[in-house]
Structure formats: structure tokens, C-alpha cells
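Here is the structure we will look at.
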Amino acid sequence: MNEIVVTREQREEKLQGMGCRRKRVEDIRFTQGKGNYVDDIKLPGMLFGDFYRSPVAHGRIRKLDVSKAKALPGVHAVLTAADLKPLNLHYMPTLAGDVQAVLAEEKVLYQSQEVAFVIADDRYIAADAIELIEAEYDELPVLVDPWKAMDPDAPLLREDIKDKMEGAHGSRKHYNHIFYWEIGDKSGTDAVFESAPVTTKETFFYHRTHPSPLETCQCLASMDKVKGELTLYGTFQAPHVIRTVVSLISGLPEHKIHVIAPDIGGGFGNKVAPMPAMSAPWSPRSCWAGR
């Protein structure tokens, strides 16, 4: 019996949408343990980093003592916002035209916010050092209902922009209001709704959920001081965006920054935007070469 050979192009032409069985094209090397992840990359002189994170959702930092963590053998440094501020590295830009704290300064705005960053010989020493950091907070009222975020008596979150009247896309309407984004033909859209025989208005609630990739966010940075070039390996879904933001943070021109995204162990959208954890120096489990 003659075997019917179907090319990949022919198969793809027949593919449909939801429920259509699709042949996987990249799984073989993963199931054989031949994937190439950030954790597989080892460079000479590599150090490791980890974060101490806030246990409270909203509070003023009353005490932050990192002396015991610094004294732990194998720890090279423990960074806080006080260390980054003189270098103008304590805030980073966001995709919304705003800024966000790389390490919390004076107060925390959400549970697990990055407060301090430990640099050590290996990840285990870094984890031990995290446990030695002593912090105390004066807890503040929390904001958990987005519909109440701009109430007259809503808790003030961003004290750094409380008096700023203009945002990236227009005027701010409230001290908790960051930006308003509008796109498209407003007058044309309004005309369609006004002339429609029937219109409905509904509020939809999306359940609490979060992407859960197999590999956590990681990165590895290696600086070539001779060439003045930075190579950054990471679990990035949008390498070009990362390059632009790292350029804005570091002051290095983009052509001096090389961003490499190996196998990222799943993303589901949560590895697209640059986050504070990628900036101090770069990730919940970060490492870099060159001592």
C-alpha cells in the first residue's frame, strides 16, 4: 500500500480553530530532557540573587535591618532602595507610561513586593540570608475592591505621585488614578450605539487566576566591561521590550544590550512585561557573571 505523504503546509491548511487536533512540533527534545533553560546556563564567576519580599499588603517600612544577612558567609551584598536611589535605579518605567519601584522605598503597596535583594555565592546561601533580614511595618488600610479605588476616602497608595496632575495619557482624576487609555473612533462608536434598536450593559467578573508556567521567571546577566556590552539571558516572551526597558534603566544604548530568550518553560502572558523583579539586578531567581 502506498503511503500518503502530507506536507506540513498541507496539514496547516486544514487546521481549524477550537477543538482541532494539532500535531506538536517541538515536544520531542523536551520529553527527552534536551531543553535549554536559563537554569542550564553556567558562566564563570556566576553569583546568585534572591529577594526578600513584604509579608503585608500595604504598610510603611518602620525597620529594615539587613546587617545579619550581610554578615552571612558567602553573601556579597544586600541591596535596598537606599542603595539604588543614589544611582537613580530605585524606579523603573512601565508599559503604561508610569514608573514602579524596583525595591520598595519607605512603604510597600502589595504583599510579596520586593524589598531587598541578596547577592551570594549560590542560591542556597541567598535563601538563608533572606531569612536573616529583619523588617517591621506599620500596616495601612488595604484596597481590594477596584470599584472603590477612586472613592473620596480610598486609601492613598502611590504617595510618590499623589500631587501629580498629569499622567502618560491625560489628566489624572484621583490620587489613585494612573492613566486613561482610549483608542478608536469614539464618535462613530457612539453613533452606532445610539442608532441600535437594542443595547445591553453588563458587568463581567473574571475569577482570580494566574498563569502557572513550569519554569519561574529567571534571568542571567553578564556584563563585558571591556566592550561595555550587556548580555541578558531570560525567560522573556518579548525580548525587544526587555532590551528597551533595560536600556532606559541602565543608560546603556540598545545596541550594547543583547537579550537572549532560550526555552522559557511556558509563559501564558506573565513573561511579557518587564517587572521590578527583573531590575534588581534582574529576577526572582537571578544570577550574573563577573565578580
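For the C-alpha cells, the naming scheme is as follows: chains receive sequential letters (A, B, ...) according to their order of presentation, residues are indexed from 1 within each chain, and ligands are indexed from 1 in presentation order.
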Give one line per residue of segment 30-135 of chain A that approaches segment 145-160 of chain A to at most 9 Å, naming the two atoms of the closest pair and their distance in Å to one decimal, counting only C-alpha atoms; sort by chain then ascending residue number and deliver it as a tab-separated table.
residue	atom	partner	partner_atom	distance
A:His58	CA	A:Leu157	CA	8.0
A:Val108	CA	A:Leu157	CA	8.9
A:Leu109	CA	A:Leu157	CA	6.5
Which residues come within 9 Å of Asp39 of chain A, counting only C-alpha atoms, excluding same-chain residues fewer than 6 positions away, as an mmCIF file with N, CA and C atoms, in the first residue's frame?
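out19.cif, freshly written:
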data_model
loop_
_atom_site.group_PDB
_atom_site.id
_atom_site.type_symbol
_atom_site.label_atom_id
_atom_site.label_comp_id
_atom_site.auth_asym_id
_atom_site.auth_seq_id
_atom_site.Cartn_x
_atom_site.Cartn_y
_atom_site.Cartn_z
ATOM 1 N N GLN A 218 13.164 33.863 35.393
ATOM 2 C CA GLN A 218 14.584 33.851 35.738
ATOM 3 C C GLN A 218 15.347 34.701 34.724
ATOM 4 N N CYS A 219 16.532 35.110 35.097
ATOM 5 C CA CYS A 219 17.402 35.763 34.132
ATOM 6 C C CYS A 219 18.846 35.668 34.595
ATOM 7 N N LEU A 220 19.724 35.847 33.637
ATOM 8 C CA LEU A 220 21.149 35.814 33.900
ATOM 9 C C LEU A 220 21.777 36.965 33.133
#
Backbone DSSP call of strand (DSSP E) for segment 65-140 of chain A, listed as a PyMOL selection string: chain A and resi 65+75-79+91-93+99-101+107-108+114-120+134-139
Residues within 7 Å of segment 225-234 of chain A, only C-alpha atoms, excluding chain neighbours under 4 positions, as a ChimeraX atom specification: /A:38,218-221,256-261
Using only C-alpha atoms: which of A:Lys107, A:Lys42, A:His255, A:Arg29 has the shortest distance to Ser54 of chain A: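 The shortest atom-to-atom distance to Ser54 of chain A comes from A:Lys107.
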Neighbour list for segment 264-280 of chain A as an NGL selection string, cut-off 8 Å, only C-alpha atoms, skip fewer than 3 positions in-chain: :A and (37-38 or 92 or 94-95 or 100-103 or 114 or 117 or 211-217 or 219 or 234-238 or 241-242 or 245-246 or 261 or 283-284)
If you run DSSP over the backbone, which residues in segment 41-277 of chain A end up helix (DSSP H, G or I)? Put them as a short mmCIF file (atom, residue, chain, number, x, y, z; two decimals) with all heavy atoms, in the first residue's frame.
data_model
loop_
_atom_site.label_atom_id
_atom_site.label_comp_id
_atom_site.auth_asym_id
_atom_site.auth_seq_id
_atom_site.Cartn_x
_atom_site.Cartn_y
_atom_site.Cartn_z
N SER A 67 21.76 43.72 58.35
CA SER A 67 23.13 43.51 58.83
C SER A 67 23.46 42.02 59.01
O SER A 67 24.55 41.57 58.67
CB SER A 67 23.36 44.27 60.13
OG SER A 67 22.44 43.86 61.14
N LYS A 68 22.52 41.25 59.56
CA LYS A 68 22.78 39.82 59.77
C LYS A 68 22.90 39.09 58.44
O LYS A 68 23.71 38.16 58.29
CB LYS A 68 21.67 39.20 60.62
CG LYS A 68 21.65 39.71 62.06
CD LYS A 68 20.53 39.04 62.85
CE LYS A 68 20.49 39.57 64.29
NZ LYS A 68 19.38 38.95 65.06
N ALA A 69 22.11 39.49 57.48
CA ALA A 69 22.19 38.87 56.16
C ALA A 69 23.52 39.18 55.50
O ALA A 69 24.14 38.32 54.87
CB ALA A 69 21.03 39.36 55.28
N LYS A 70 23.99 40.42 55.63
CA LYS A 70 25.27 40.80 55.05
C LYS A 70 26.43 40.03 55.69
O LYS A 70 27.43 39.75 55.03
CB LYS A 70 25.50 42.30 55.22
CG LYS A 70 24.68 43.18 54.30
CD LYS A 70 25.05 44.64 54.51
CE LYS A 70 24.31 45.54 53.54
NZ LYS A 70 24.66 46.98 53.72
N ALA A 71 26.29 39.70 56.97
CA ALA A 71 27.37 39.04 57.69
C ALA A 71 27.45 37.54 57.41
O ALA A 71 28.43 36.89 57.77
CB ALA A 71 27.19 39.26 59.20
N ALA A 81 16.35 49.90 48.57
CA ALA A 81 16.07 51.10 47.80
C ALA A 81 17.07 52.21 48.13
O ALA A 81 17.41 53.03 47.27
CB ALA A 81 14.64 51.58 48.07
N ALA A 82 17.55 52.23 49.37
CA ALA A 82 18.52 53.25 49.77
C ALA A 82 19.82 53.12 48.98
O ALA A 82 20.51 54.12 48.74
CB ALA A 82 18.81 53.14 51.27
N ASP A 83 20.16 51.90 48.55
CA ASP A 83 21.36 51.69 47.74
C ASP A 83 21.13 52.07 46.29
O ASP A 83 22.04 52.55 45.60
CB ASP A 83 21.80 50.23 47.82
CG ASP A 83 22.12 49.80 49.24
OD1 ASP A 83 22.98 50.43 49.87
OD2 ASP A 83 21.49 48.84 49.72
N LEU A 84 19.91 51.85 45.79
CA LEU A 84 19.61 52.12 44.39
C LEU A 84 19.30 53.59 44.12
O LEU A 84 19.55 54.10 43.03
CB LEU A 84 18.42 51.27 43.94
CG LEU A 84 18.56 49.75 44.05
CD1 LEU A 84 17.30 49.07 43.53
CD2 LEU A 84 19.78 49.27 43.31
N LYS A 85 18.76 54.28 45.13
CA LYS A 85 18.31 55.66 44.92
C LYS A 85 19.43 56.60 44.48
O LYS A 85 19.23 57.40 43.54
CB LYS A 85 17.64 56.18 46.19
CG LYS A 85 16.94 57.52 46.00
CD LYS A 85 16.12 57.88 47.24
CE LYS A 85 15.35 59.18 47.01
NZ LYS A 85 14.50 59.51 48.19
N PRO A 86 20.62 56.58 45.08
CA PRO A 86 21.69 57.47 44.61
C PRO A 86 22.08 57.24 43.16
O PRO A 86 22.62 58.13 42.50
CB PRO A 86 22.86 57.16 45.56
CG PRO A 86 22.22 56.58 46.77
CD PRO A 86 21.05 55.82 46.27
N LEU A 87 21.81 56.04 42.65
CA LEU A 87 22.13 55.70 41.26
C LEU A 87 20.94 55.92 40.33
O LEU A 87 21.02 55.63 39.14
CB LEU A 87 22.56 54.23 41.18
CG LEU A 87 23.74 53.82 42.07
CD1 LEU A 87 23.96 52.31 42.02
CD2 LEU A 87 25.00 54.56 41.66
N ARG A 123 22.46 29.92 45.36
CA ARG A 123 21.06 30.22 45.67
C ARG A 123 20.67 29.81 47.08
O ARG A 123 19.74 30.37 47.67
CB ARG A 123 20.15 29.54 44.66
CG ARG A 123 20.18 28.03 44.70
CD ARG A 123 19.33 27.44 43.59
NE ARG A 123 19.78 27.90 42.29
CZ ARG A 123 19.23 27.51 41.14
NH1 ARG A 123 18.20 26.70 41.15
NH2 ARG A 123 19.70 27.95 39.98
N TYR A 124 21.36 28.82 47.63
CA TYR A 124 21.02 28.34 48.97
C TYR A 124 21.48 29.34 50.04
O TYR A 124 20.77 29.58 51.02
CB TYR A 124 21.64 26.97 49.19
CG TYR A 124 21.25 25.99 48.10
CD1 TYR A 124 22.16 25.64 47.10
CD2 TYR A 124 19.97 25.45 48.06
CE1 TYR A 124 21.80 24.76 46.09
CE2 TYR A 124 19.60 24.58 47.05
CZ TYR A 124 20.52 24.24 46.07
OH TYR A 124 20.15 23.38 45.06
N ILE A 125 22.67 29.91 49.84
CA ILE A 125 23.14 30.94 50.76
C ILE A 125 22.22 32.16 50.67
O ILE A 125 21.87 32.78 51.68
CB ILE A 125 24.59 31.33 50.46
CG1 ILE A 125 25.52 30.13 50.71
CG2 ILE A 125 25.03 32.53 51.29
CD1 ILE A 125 26.96 30.38 50.33
N ALA A 126 21.83 32.50 49.45
CA ALA A 126 20.92 33.64 49.27
C ALA A 126 19.60 33.41 50.00
O ALA A 126 19.06 34.31 50.66
CB ALA A 126 20.68 33.88 47.78
N ALA A 127 19.07 32.19 49.90
CA ALA A 127 17.82 31.87 50.58
C ALA A 127 17.98 31.94 52.09
O ALA A 127 17.08 32.42 52.81
CB ALA A 127 17.33 30.49 50.16
N ASP A 128 19.12 31.48 52.60
CA ASP A 128 19.37 31.57 54.04
C ASP A 128 19.47 33.03 54.49
O ASP A 128 18.99 33.39 55.58
CB ASP A 128 20.66 30.83 54.40
CG ASP A 128 20.52 29.32 54.28
OD1 ASP A 128 19.37 28.83 54.28
OD2 ASP A 128 21.56 28.64 54.18
N ALA A 129 20.10 33.85 53.67
CA ALA A 129 20.25 35.26 54.02
C ALA A 129 18.91 35.98 54.07
O ALA A 129 18.70 36.87 54.91
CB ALA A 129 21.18 35.95 53.02
N ILE A 130 18.01 35.59 53.19
CA ILE A 130 16.66 36.19 53.20
C ILE A 130 16.01 36.02 54.56
O ILE A 130 15.36 36.93 55.08
CB ILE A 130 15.79 35.54 52.10
CG1 ILE A 130 16.31 35.86 50.71
CG2 ILE A 130 14.33 35.99 52.24
CD1 ILE A 130 16.30 37.31 50.35
N GLU A 131 16.21 34.85 55.16
CA GLU A 131 15.60 34.55 56.45
C GLU A 131 16.20 35.40 57.58
O GLU A 131 15.59 35.50 58.66
CB GLU A 131 15.77 33.06 56.78
CG GLU A 131 15.13 32.12 55.78
CD GLU A 131 13.62 32.27 55.74
OE1 GLU A 131 13.02 32.55 56.80
OE2 GLU A 131 13.05 32.14 54.64
N LEU A 132 17.36 35.98 57.37
CA LEU A 132 18.01 36.78 58.40
C LEU A 132 17.65 38.27 58.35
O LEU A 132 18.03 39.02 59.23
CB LEU A 132 19.55 36.62 58.27
CG LEU A 132 20.10 35.21 58.49
CD1 LEU A 132 21.61 35.20 58.25
CD2 LEU A 132 19.77 34.71 59.89
N PRO A 146 -11.53 47.13 43.23
CA PRO A 146 -11.18 48.15 42.23
C PRO A 146 -12.26 49.19 42.02
O PRO A 146 -11.96 50.33 41.63
CB PRO A 146 -10.94 47.32 40.96
CG PRO A 146 -11.69 46.05 41.18
CD PRO A 146 -11.61 45.79 42.65
N TRP A 147 -13.52 48.83 42.28
CA TRP A 147 -14.60 49.80 42.10
C TRP A 147 -14.56 50.90 43.15
O TRP A 147 -15.19 51.95 42.99
CB TRP A 147 -15.95 49.08 42.14
CG TRP A 147 -16.09 48.03 41.09
CD1 TRP A 147 -16.13 46.69 41.28
CD2 TRP A 147 -16.18 48.23 39.67
NE1 TRP A 147 -16.25 46.02 40.08
CE2 TRP A 147 -16.28 46.95 39.07
CE3 TRP A 147 -16.20 49.36 38.86
CZ2 TRP A 147 -16.40 46.77 37.69
CZ3 TRP A 147 -16.30 49.18 37.47
CH2 TRP A 147 -16.40 47.91 36.92
N LYS A 148 -13.83 50.67 44.23
CA LYS A 148 -13.74 51.67 45.29
C LYS A 148 -12.39 52.38 45.29
O LYS A 148 -12.10 53.16 46.20
CB LYS A 148 -13.97 51.01 46.66
CG LYS A 148 -15.35 50.38 46.81
CD LYS A 148 -15.51 49.73 48.18
CE LYS A 148 -16.89 49.10 48.33
NZ LYS A 148 -17.06 48.45 49.66
N GLU A 159 2.16 57.36 47.05
CA GLU A 159 2.49 58.67 47.61
C GLU A 159 3.47 59.43 46.72
O GLU A 159 3.53 60.66 46.77
CB GLU A 159 3.08 58.50 49.01
CG GLU A 159 2.08 57.95 50.02
CD GLU A 159 2.66 57.84 51.42
OE1 GLU A 159 3.86 58.15 51.59
OE2 GLU A 159 1.91 57.45 52.34
N ASP A 160 4.23 58.70 45.87
CA ASP A 160 5.20 59.37 45.01
C ASP A 160 4.55 60.20 43.91
O ASP A 160 5.19 61.09 43.34
CB ASP A 160 6.15 58.34 44.39
CG ASP A 160 5.42 57.31 43.56
OD1 ASP A 160 4.48 56.68 44.09
OD2 ASP A 160 5.78 57.13 42.38
N ILE A 161 3.26 59.94 43.59
CA ILE A 161 2.60 60.71 42.54
C ILE A 161 1.28 61.32 43.01
O ILE A 161 0.44 61.69 42.20
CB ILE A 161 2.34 59.84 41.30
CG1 ILE A 161 1.49 58.62 41.65
CG2 ILE A 161 3.65 59.40 40.65
CD1 ILE A 161 1.02 57.82 40.44
N LYS A 186 -14.42 57.31 18.61
CA LYS A 186 -15.42 57.45 19.66
C LYS A 186 -16.77 57.92 19.10
O LYS A 186 -17.82 57.36 19.43
CB LYS A 186 -14.94 58.42 20.73
CG LYS A 186 -15.90 58.55 21.92
CD LYS A 186 -15.37 59.50 22.97
CE LYS A 186 -16.26 59.52 24.21
NZ LYS A 186 -17.68 59.84 23.86
N SER A 187 -16.73 58.95 18.25
CA SER A 187 -17.99 59.48 17.72
C SER A 187 -18.71 58.43 16.88
O SER A 187 -19.94 58.29 16.95
CB SER A 187 -17.72 60.74 16.91
OG SER A 187 -16.84 60.47 15.82
N GLY A 188 -17.94 57.68 16.07
CA GLY A 188 -18.57 56.64 15.25
C GLY A 188 -19.15 55.53 16.10
O GLY A 188 -20.24 55.03 15.83
N THR A 189 -18.43 55.15 17.15
CA THR A 189 -18.92 54.10 18.05
C THR A 189 -20.18 54.56 18.78
O THR A 189 -21.16 53.81 18.90
CB THR A 189 -17.83 53.72 19.07
OG1 THR A 189 -16.66 53.30 18.37
CG2 THR A 189 -18.31 52.60 19.98
N ASP A 190 -20.17 55.81 19.27
CA ASP A 190 -21.35 56.34 19.95
C ASP A 190 -22.55 56.37 19.02
O ASP A 190 -23.69 56.08 19.43
CB ASP A 190 -21.06 57.75 20.47
CG ASP A 190 -20.06 57.76 21.62
OD1 ASP A 190 -19.87 56.68 22.23
OD2 ASP A 190 -19.48 58.82 21.91
N ALA A 191 -22.32 56.72 17.75
CA ALA A 191 -23.42 56.80 16.79
C ALA A 191 -24.04 55.42 16.56
O ALA A 191 -25.26 55.28 16.43
CB ALA A 191 -22.91 57.37 15.47
N VAL A 192 -23.21 54.38 16.50
CA VAL A 192 -23.73 53.03 16.31
C VAL A 192 -24.60 52.62 17.48
O VAL A 192 -25.69 52.05 17.30
CB VAL A 192 -22.56 52.04 16.13
CG1 VAL A 192 -23.07 50.60 16.16
CG2 VAL A 192 -21.83 52.30 14.82
N PHE A 193 -24.15 52.90 18.70
CA PHE A 193 -24.94 52.52 19.87
C PHE A 193 -26.24 53.32 19.94
O PHE A 193 -27.29 52.79 20.31
CB PHE A 193 -24.12 52.74 21.15
CG PHE A 193 -23.23 51.58 21.51
CD1 PHE A 193 -21.89 51.59 21.18
CD2 PHE A 193 -23.75 50.47 22.15
CE1 PHE A 193 -21.07 50.53 21.50
CE2 PHE A 193 -22.94 49.39 22.48
CZ PHE A 193 -21.59 49.41 22.15
N GLU A 194 -26.18 54.60 19.58
CA GLU A 194 -27.38 55.43 19.64
C GLU A 194 -28.44 55.00 18.63
O GLU A 194 -29.65 55.13 18.88
CB GLU A 194 -26.99 56.89 19.41
CG GLU A 194 -26.19 57.50 20.56
CD GLU A 194 -25.67 58.88 20.23
OE1 GLU A 194 -25.97 59.35 19.10
OE2 GLU A 194 -24.99 59.49 21.07
N SER A 195 -28.00 54.47 17.51
CA SER A 195 -28.95 54.06 16.47
C SER A 195 -29.34 52.59 16.57
O SER A 195 -30.20 52.13 15.83
CB SER A 195 -28.35 54.33 15.08
OG SER A 195 -27.14 53.59 14.90
N PRO A 239 11.50 39.86 24.05
CA PRO A 239 12.90 40.29 24.27
C PRO A 239 13.17 41.74 23.88
O PRO A 239 13.96 42.42 24.53
CB PRO A 239 13.70 39.32 23.38
CG PRO A 239 12.81 38.14 23.20
CD PRO A 239 11.42 38.67 23.20
N HIS A 240 12.52 42.22 22.82
CA HIS A 240 12.79 43.58 22.38
C HIS A 240 12.29 44.62 23.39
O HIS A 240 12.91 45.67 23.59
CB HIS A 240 12.16 43.83 21.00
CG HIS A 240 12.79 43.02 19.90
ND1 HIS A 240 12.37 41.73 19.62
CD2 HIS A 240 13.80 43.29 19.05
CE1 HIS A 240 13.09 41.25 18.63
NE2 HIS A 240 13.97 42.16 18.26
N VAL A 241 11.17 44.31 24.03
CA VAL A 241 10.66 45.21 25.07
C VAL A 241 11.62 45.23 26.25
O VAL A 241 11.91 46.29 26.82
CB VAL A 241 9.25 44.76 25.53
CG1 VAL A 241 8.79 45.60 26.72
CG2 VAL A 241 8.27 44.88 24.38
N ILE A 242 12.12 44.06 26.62
CA ILE A 242 13.09 43.97 27.71
C ILE A 242 14.32 44.80 27.39
O ILE A 242 14.84 45.54 28.24
CB ILE A 242 13.49 42.51 27.96
CG1 ILE A 242 12.26 41.67 28.39
CG2 ILE A 242 14.58 42.42 29.01
CD1 ILE A 242 11.65 42.09 29.70
N ARG A 243 14.82 44.70 26.17
CA ARG A 243 16.01 45.45 25.79
C ARG A 243 15.77 46.95 25.94
O ARG A 243 16.63 47.68 26.44
CB ARG A 243 16.39 45.12 24.34
CG ARG A 243 17.65 45.84 23.87
CD ARG A 243 18.00 45.48 22.44
NE ARG A 243 16.95 45.90 21.52
CZ ARG A 243 17.00 45.72 20.20
NH1 ARG A 243 18.04 45.08 19.67
NH2 ARG A 243 16.02 46.12 19.43
N THR A 244 14.60 47.43 25.50
CA THR A 244 14.31 48.86 25.59
C THR A 244 14.25 49.32 27.04
O THR A 244 14.83 50.35 27.40
CB THR A 244 12.97 49.16 24.89
OG1 THR A 244 13.08 48.82 23.51
CG2 THR A 244 12.62 50.63 25.02
N VAL A 245 13.56 48.57 27.89
CA VAL A 245 13.42 48.97 29.29
C VAL A 245 14.76 48.89 30.01
O VAL A 245 15.10 49.78 30.80
CB VAL A 245 12.37 48.10 30.00
CG1 VAL A 245 12.34 48.40 31.49
CG2 VAL A 245 10.99 48.34 29.40
N VAL A 246 15.54 47.85 29.75
CA VAL A 246 16.86 47.74 30.37
C VAL A 246 17.75 48.91 29.95
O VAL A 246 18.53 49.45 30.74
CB VAL A 246 17.52 46.39 30.02
CG1 VAL A 246 18.98 46.37 30.47
CG2 VAL A 246 16.76 45.25 30.67
N SER A 247 17.61 49.34 28.71
CA SER A 247 18.36 50.50 28.23
C SER A 247 17.96 51.76 29.00
O SER A 247 18.82 52.56 29.40
CB SER A 247 18.12 50.71 26.73
OG SER A 247 18.77 51.88 26.27
N LEU A 248 16.66 51.93 29.22
CA LEU A 248 16.18 53.09 29.96
C LEU A 248 16.66 53.07 31.41
O LEU A 248 16.97 54.12 31.99
CB LEU A 248 14.64 53.14 29.93
CG LEU A 248 14.00 53.39 28.57
CD1 LEU A 248 12.48 53.22 28.65
CD2 LEU A 248 14.34 54.80 28.07
N ILE A 249 16.73 51.88 32.00
CA ILE A 249 17.15 51.77 33.39
C ILE A 249 18.65 51.95 33.54
O ILE A 249 19.12 52.69 34.40
CB ILE A 249 16.73 50.39 33.97
CG1 ILE A 249 15.21 50.27 34.01
CG2 ILE A 249 17.31 50.20 35.36
CD1 ILE A 249 14.73 48.89 34.37
N SER A 250 19.40 51.28 32.68
CA SER A 250 20.86 51.23 32.84
C SER A 250 21.59 52.40 32.20
O SER A 250 22.72 52.72 32.59
CB SER A 250 21.39 49.93 32.25
OG SER A 250 21.20 49.92 30.84
N GLU A 254 20.73 50.67 23.30
CA GLU A 254 20.14 49.37 22.99
C GLU A 254 21.08 48.48 22.19
O GLU A 254 21.05 47.25 22.34
CB GLU A 254 18.81 49.56 22.24
CG GLU A 254 17.70 50.09 23.12
CD GLU A 254 16.33 49.94 22.49
OE1 GLU A 254 16.13 48.97 21.72
OE2 GLU A 254 15.46 50.79 22.75
N HIS A 255 21.91 49.06 21.34
CA HIS A 255 22.80 48.22 20.53
C HIS A 255 23.93 47.61 21.36
O HIS A 255 24.68 46.77 20.87
CB HIS A 255 23.38 49.02 19.35
CG HIS A 255 24.37 50.06 19.74
ND1 HIS A 255 24.00 51.33 20.13
CD2 HIS A 255 25.74 50.04 19.81
CE1 HIS A 255 25.09 52.04 20.42
NE2 HIS A 255 26.14 51.28 20.24
N LYS A 256 24.03 48.02 22.62
CA LYS A 256 25.01 47.43 23.53
C LYS A 256 24.37 46.39 24.45
O LYS A 256 25.02 45.88 25.36
CB LYS A 256 25.66 48.53 24.39
CG LYS A 256 26.57 49.47 23.62
CD LYS A 256 27.90 48.82 23.30
CE LYS A 256 28.89 49.82 22.73
NZ LYS A 256 30.22 49.18 22.45
N PRO A 276 9.62 44.72 38.23
CA PRO A 276 10.69 45.12 39.15
C PRO A 276 11.65 43.99 39.47
O PRO A 276 12.85 44.21 39.64
CB PRO A 276 9.92 45.55 40.41
CG PRO A 276 8.60 45.99 39.89
CD PRO A 276 8.29 45.10 38.73
N ALA A 277 11.14 42.76 39.53
CA ALA A 277 12.00 41.63 39.86
C ALA A 277 13.03 41.35 38.78
O ALA A 277 13.94 40.56 38.97
CB ALA A 277 11.15 40.38 40.07
#
Nearest to Val142 of chain A, chosen from A:His177, A:Gly184, A:Leu89, A:Ala57, with only C-alpha atoms counted in the distances: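 Selected residue with least distance to Val142 of chain A: A:Ala57.
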